[in-house]
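K.L.:
Starting off with a structure, shown below.
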Protein chains: 6
Amino acid sequence: MRLSHLASTVNPFADVDTVHAHCDLMCGTYDPELARIEAESCYNAIKKYHDSDDELFRQRAILIKEERADLAKEQLWVLWTDYFKPKHLDDHPNLHDLFWRATKQAGDVKKSLDIADAEKLLDLIDEIDEVFKATGGWEGARLRKPTGA
Amino acid sequence: MRLSHLASTVNPFADVDTVHAHCDLMCGTYDPELARIEAESCYNAIKKYHDSDDELFRQRAILIKEERADLAKEQLWVLWTDYFKPKHLDDHPNLHDLFWRATKQAGDVKKSLDIADAEKLLDLIDEIDEVFKATGGWEGARLRKPTGA
Amino acid sequence: MRLSHLASTVNPFADVDTVHAHCDLMCGTYDPELARIEAESCYNAIKKYHDSDDELFRQRAILIKEERADLAKEQLWVLWTDYFKPKHLDDHPNLHDLFWRATKQAGDVKKSLDIADAEKLLDLIDEIDEVFKATGGWEGARLRKPTGA
Amino acid sequence: MRLSHLASTVNPFADVDTVHAHCDLMCGTYDPELARIEAESCYNAIKKYHDSDDELFRQRAILIKEERADLAKEQLWVLWTDYFKPKHLDDHPNLHDLFWRATKQAGDVKKSLDIADAEKLLDLIDEIDEVFKATGGWEGARLRKPTGA
Amino acid sequence: MRLSHLASTVNPFADVDTVHAHCDLMCGTYDPELARIEAESCYNAIKKYHDSDDELFRQRAILIKEERADLAKEQLWVLWTDYFKPKHLDDHPNLHDLFWRATKQAGDVKKSLDIADAEKLLDLIDEIDEVFKATGGWEGARLRKPTGA
Amino acid sequence: MRLSHLASTVNPFADVDTVHAHCDLMCGTYDPELARIEAESCYNAIKKYHDSDDELFRQRAILIKEERADLAKEQLWVLWTDYFKPKHLDDHPNLHDLFWRATKQAGDVKKSLDIADAEKLLDLIDEIDEVFKATGGWEGARLRKPTGA
């Protein structure tokens, strides 16, 4: 198994020896967008909750928020453990703390109906997205940028 | 419950009366990127399968491809049923056929180790992405475009 | 791999060259009953919701309806993509539209407590069941009819 | 089937006397068909495994058999715990043992490529189906018989 | 495949010829603690429900209780079918009935907000734990006792 | 909602004002045993893989190891984000790094058939267990110690 070679098949321009040196996963498709999309659902669920006075609608908003916040958390955990490598910590020493605060914030979104909590989660995901891009991001972990990007 | 009003809270510039007129779901966060990310994983799994001669690695590649192709299928189904509205069929009369071929192609990716099958799935998702954008796409179904877009 | 041969092992009397010509899945066990059973759960959940004035009971009814409507949707999607073949469209040109309306109706059942919505979903599944039977149905996709049939 | 009767078992003002006297679940849609359909998938997976000499196909057959046998087990457990009531044990004293053997057989199907193991699982499910029907079965736990029945 | 040998690799002191004679599963890690932990979550959810008058908090308590009671049920089913062997029935003839009552009690916990229902579930799991230990328990099904034990 | 009060209902002897001060979750049942049980399954799967020369058995060992390593990872993530509080970092400044290494090790167990990898995962979970106990552990997050402890 030639893993350093494998990594380079995904993107011939990636700095295989460094970023992917410790690559130990198979499919390497990571993107903070996955967490962001779930967090946007939480944001929408809270907004719509407050705009409605229908009880069924409101109960479903809470139910869906619970589920979506869980998925956001899950996507963040995967990114933290599977995408980021020890080398990234040198330039981003707050990486662990950032992910801890973001996943805890996803937990806060579950117990809250305050739109500010969803906004804070979105901000933390954007902060993670900055680090993702600074460490190679789309170039290394996606086949190509989103078509609109 | 004022759903047309709710829709507009997500994006004040969306053409609420048309695109969202029949909006019947709560959280409205849709994006073909979700299907594309899973399809890229399938693509990588096939590529890496052929670059490896390690048996464990190859078995895991098949296992993960199976799982990821299922997720791509699921994301496409959700988009088809939940995002698109009867009105969209007027301008895109091949919508149903396009989604049928794309989800069947995700099935083909499961039973194939031919990289061309994964590429064909990616192409079909891109074709769906075009329709998604032509019908409002990110403006209507996301809080905002990806930060890099 | 001799897939047309495989298909015939399930039922030696099936018209393998036609119906199963494009068969690309492994296990070929399909039945609209799967969707119907979940839709019946939705029907019961709504009925029982209205017969109760217990708050816990009512919340659970909504929660279970949400989950079961999702499963009904999922079963319909699988049937659409995996069981039906291009050939079937000739005799059933409304196939795509039928499945689109049925899966959208499953979405409507989620946001409704009107028993008529569950009934409409059951009717659409019965309509699909007619097409399923007309295209070979139990003979091709099951080992045998239900014992009571 | 008397749905209004069923509904009323939840509500203390109803005619609760017979099969549903201890009914403590909400939606009461049970049917051994659910387990049988999964068991048929296992049967097909084993058959097709032996008819193929394609390695990818064979690995997928094992993977899908594993998953489907799990679902058969799950459906049997639900039936045992949720549908059957203490009263049913009087006429069917072997009920527990029957379900134990059937769920263990589903476990055997996972570790076997012998078609006889899948057949034995199907037989045990049919045996359970007999008890299901003898205890009210479709009349009590479904809205109506399958349309072909 | 030498299964009796495999079993002994887990614990060289286990009575392989008897307890594990029919061992048909791969990984053999069983422990009633798994069910107990979920049942404790149900207990906590009910306790906290009554201590709160916040509507969101209460709805989430019900939602989480539903989910956790399901997991407790699932863990009990796995233990019943996969850990216990026919031989164990000789010394514990009430085994089936005990598991039936415990899984039904997990169902009762779903429809109840009475702390006594959660306590009864915990008691039944403890009763199962006694049988688990009497039949070899940790020695046979775990690599070692919990470090604090 | 009086969360500090709620926490104390679980264990009246817990130091509610400190450990639970930031408690933001509902049910608070945490235990590294959950991760350890899954890691033991991985250990067993690797052991049994090497003791067998049956191809089906070996494929299933890999499949189950993949699944169980994922569950171990998940349980570790939950513990990291939901059980531990900022205060715990003072006495255990390596907490984040410990969890990062443990979850990465769970990833390594997926791609390895070396028993040393499973042992290393078990060791890291034991290390986490020490921190768990030092921070209150069973007293704060369980209703009581395991009956055998």
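In the structure tokens, each chain is lettered A, B, ... as it comes, each chain's residues begin at 1, and ligands are numbered from 1 in order of appearance.
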Using only C-alpha atoms, determine which residues lie at most 12 Å from A:Ala69, disregarding the query and same-chain residues fewer than 2 positions distant; provide the list as a PyMOL selection string.
P.N.:
chain A and resi 34-46+61-67+71-76+102-112+117-118+121-122
K.L.:
Listing only residues of chain A within 8 Å of chain C, what is the closest atom pair and its distance in Å (to one decimal) for each, using only C-alpha atoms, sorted by chain and residue number ascending, as a Markdown table?
P.N.:
```
| residue | atom | partner | partner_atom | distance |
| --- | --- | --- | --- | --- |
| A:Leu56 | CA | C:Lys111 | CA | 7.4 |
| A:Phe57 | CA | C:Lys111 | CA | 7.0 |
| A:Gln59 | CA | C:Gln59 | CA | 7.9 |
| A:Arg60 | CA | C:Leu63 | CA | 8.0 |
| A:Leu63 | CA | C:Leu63 | CA | 7.8 |
```
K.L.:
Keeping only N, CA, C and O atoms, write those residues as a JSON list (two decimals), in the first residue's frame.
P.N.:
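As a result, out07.json now contains:
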```json
[["chain", "number", "residue", "atom", "x", "y", "z"],
["A", 56, "LEU", "N", -47.98, 22.29, 16.43],
["A", 56, "LEU", "CA", -47.34, 21.18, 15.71],
["A", 56, "LEU", "C", -46.08, 21.67, 15.02],
["A", 56, "LEU", "O", -45.02, 21.04, 15.10],
["A", 57, "PHE", "N", -46.20, 22.81, 14.36],
["A", 57, "PHE", "CA", -45.05, 23.39, 13.67],
["A", 57, "PHE", "C", -43.90, 23.62, 14.65],
["A", 57, "PHE", "O", -42.75, 23.28, 14.38],
["A", 59, "GLN", "N", -43.34, 22.19, 17.60],
["A", 59, "GLN", "CA", -42.75, 20.95, 18.11],
["A", 59, "GLN", "C", -41.80, 20.35, 17.08],
["A", 59, "GLN", "O", -40.71, 19.88, 17.42],
["A", 60, "ARG", "N", -42.21, 20.40, 15.81],
["A", 60, "ARG", "CA", -41.35, 19.86, 14.75],
["A", 60, "ARG", "C", -40.07, 20.68, 14.61],
["A", 60, "ARG", "O", -39.01, 20.12, 14.35],
["A", 63, "LEU", "N", -37.74, 19.43, 17.25],
["A", 63, "LEU", "CA", -37.31, 18.08, 16.90],
["A", 63, "LEU", "C", -36.24, 18.10, 15.81],
["A", 63, "LEU", "O", -35.23, 17.40, 15.89]]
```
K.L.:
Mind dumping a table of every stretch 30-85 of chain B residue within 10 Å of stretch 94-97 of chain B, with the nearest atom pair and its distance in Å to one decimal, using only C-alpha atoms, sorted by chain and rising number, as JSON lines?
P.N.:
```
{"residue": "B:Trp80", "atom": "CA", "partner": "B:His96", "partner_atom": "CA", "distance": 7.8}
{"residue": "B:Thr81", "atom": "CA", "partner": "B:His96", "partner_atom": "CA", "distance": 9.9}
{"residue": "B:Phe84", "atom": "CA", "partner": "B:Leu95", "partner_atom": "CA", "distance": 9.0}
```
K.L.:
For the selection you just gave me, I'd like the residues written to a file as a PDB file, in the first residue's frame, keeping all heavy atoms.
P.N.:
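So part33.pdb came out as:
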```pdb
ATOM      1  N   TRP B  80     -34.636  16.123  -4.740  1.00  0.00           N
ATOM      2  CA  TRP B  80     -35.702  15.918  -5.726  1.00  0.00           C
ATOM      3  C   TRP B  80     -37.082  16.153  -5.101  1.00  0.00           C
ATOM      4  O   TRP B  80     -37.893  16.921  -5.611  1.00  0.00           O
ATOM      5  CB  TRP B  80     -35.613  14.495  -6.297  1.00  0.00           C
ATOM      6  CG  TRP B  80     -36.657  14.156  -7.314  1.00  0.00           C
ATOM      7  CD1 TRP B  80     -36.903  14.794  -8.488  1.00  0.00           C
ATOM      8  CD2 TRP B  80     -37.604  13.074  -7.250  1.00  0.00           C
ATOM      9  NE1 TRP B  80     -37.926  14.176  -9.169  1.00  0.00           N
ATOM     10  CE2 TRP B  80     -38.379  13.113  -8.427  1.00  0.00           C
ATOM     11  CE3 TRP B  80     -37.860  12.058  -6.315  1.00  0.00           C
ATOM     12  CZ2 TRP B  80     -39.392  12.189  -8.697  1.00  0.00           C
ATOM     13  CZ3 TRP B  80     -38.863  11.138  -6.572  1.00  0.00           C
ATOM     14  CH2 TRP B  80     -39.620  11.217  -7.744  1.00  0.00           C
ATOM     15  N   THR B  81     -37.335  15.507  -3.967  1.00  0.00           N
ATOM     16  CA  THR B  81     -38.665  15.576  -3.351  1.00  0.00           C
ATOM     17  C   THR B  81     -38.886  16.860  -2.569  1.00  0.00           C
ATOM     18  O   THR B  81     -39.979  17.420  -2.619  1.00  0.00           O
ATOM     19  CB  THR B  81     -38.884  14.368  -2.410  1.00  0.00           C
ATOM     20  OG1 THR B  81     -38.945  13.175  -3.196  1.00  0.00           O
ATOM     21  CG2 THR B  81     -40.178  14.496  -1.629  1.00  0.00           C
ATOM     22  N   PHE B  84     -37.322  20.746  -4.961  1.00  0.00           N
ATOM     23  CA  PHE B  84     -37.998  21.114  -6.208  1.00  0.00           C
ATOM     24  C   PHE B  84     -39.518  21.130  -6.073  1.00  0.00           C
ATOM     25  O   PHE B  84     -40.096  20.307  -5.370  1.00  0.00           O
ATOM     26  CB  PHE B  84     -37.562  20.190  -7.346  1.00  0.00           C
ATOM     27  CG  PHE B  84     -36.161  20.489  -7.811  1.00  0.00           C
ATOM     28  CD1 PHE B  84     -35.091  19.686  -7.424  1.00  0.00           C
ATOM     29  CD2 PHE B  84     -35.896  21.606  -8.594  1.00  0.00           C
ATOM     30  CE1 PHE B  84     -33.793  19.990  -7.825  1.00  0.00           C
ATOM     31  CE2 PHE B  84     -34.602  21.914  -9.000  1.00  0.00           C
ATOM     32  CZ  PHE B  84     -33.542  21.100  -8.616  1.00  0.00           C
TER      33      PHE B  84
END
```
K.L.:
When you look at A:Ala134 with a cut-off of 10 Å (counting only C-alpha atoms), what residues show up, excluding the ones that are within fewer than 6 positions of it in the same chain? I need them as a PyMOL selection string.
P.N.:
chain A and resi 88+91-92+128
K.L.:
Let's see if you can do this: from backbone DSSP, list all alpha helix (DSSP H) residues in stretch 42-128 of chain D, as a ChimeraX atom specification.
P.N.:
/D:42-51,55-78,88-91,95-110,115-128
K.L.:
Near D:Pro86, within 10 Å and counting only C-alpha atoms, which residues show up once chain neighbours fewer than 4 positions away are dropped, as JSON, numbers by chain?
P.N.:
{"D": [22, 90], "E": [97, 100, 101]}
K.L.:
Could you take the residues named above and write them with N, CA and C atoms, as an mmCIF file, in the first residue's frame?
P.N.:
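This is the output file part08.cif:
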```cif
data_model
loop_
_atom_site.group_PDB
_atom_site.id
_atom_site.type_symbol
_atom_site.label_atom_id
_atom_site.label_comp_id
_atom_site.auth_asym_id
_atom_site.auth_seq_id
_atom_site.Cartn_x
_atom_site.Cartn_y
_atom_site.Cartn_z
ATOM 1 N N HIS D 22 -53.643 -4.858 26.691
ATOM 2 C CA HIS D 22 -52.447 -4.307 27.319
ATOM 3 C C HIS D 22 -51.645 -3.433 26.347
ATOM 4 N N ASP D 90 -50.676 -18.086 26.537
ATOM 5 C CA ASP D 90 -51.518 -19.207 26.945
ATOM 6 C C ASP D 90 -51.698 -20.195 25.800
ATOM 7 N N ASP E 97 -38.674 -15.018 29.844
ATOM 8 C CA ASP E 97 -39.694 -14.163 30.443
ATOM 9 C C ASP E 97 -39.066 -12.897 31.025
ATOM 10 N N TRP E 100 -38.349 -10.572 28.220
ATOM 11 C CA TRP E 100 -39.587 -10.060 27.644
ATOM 12 C C TRP E 100 -40.151 -8.944 28.514
ATOM 13 N N ARG E 101 -40.145 -9.175 29.839
ATOM 14 C CA ARG E 101 -40.634 -8.145 30.757
ATOM 15 C C ARG E 101 -39.739 -6.907 30.737
#
```
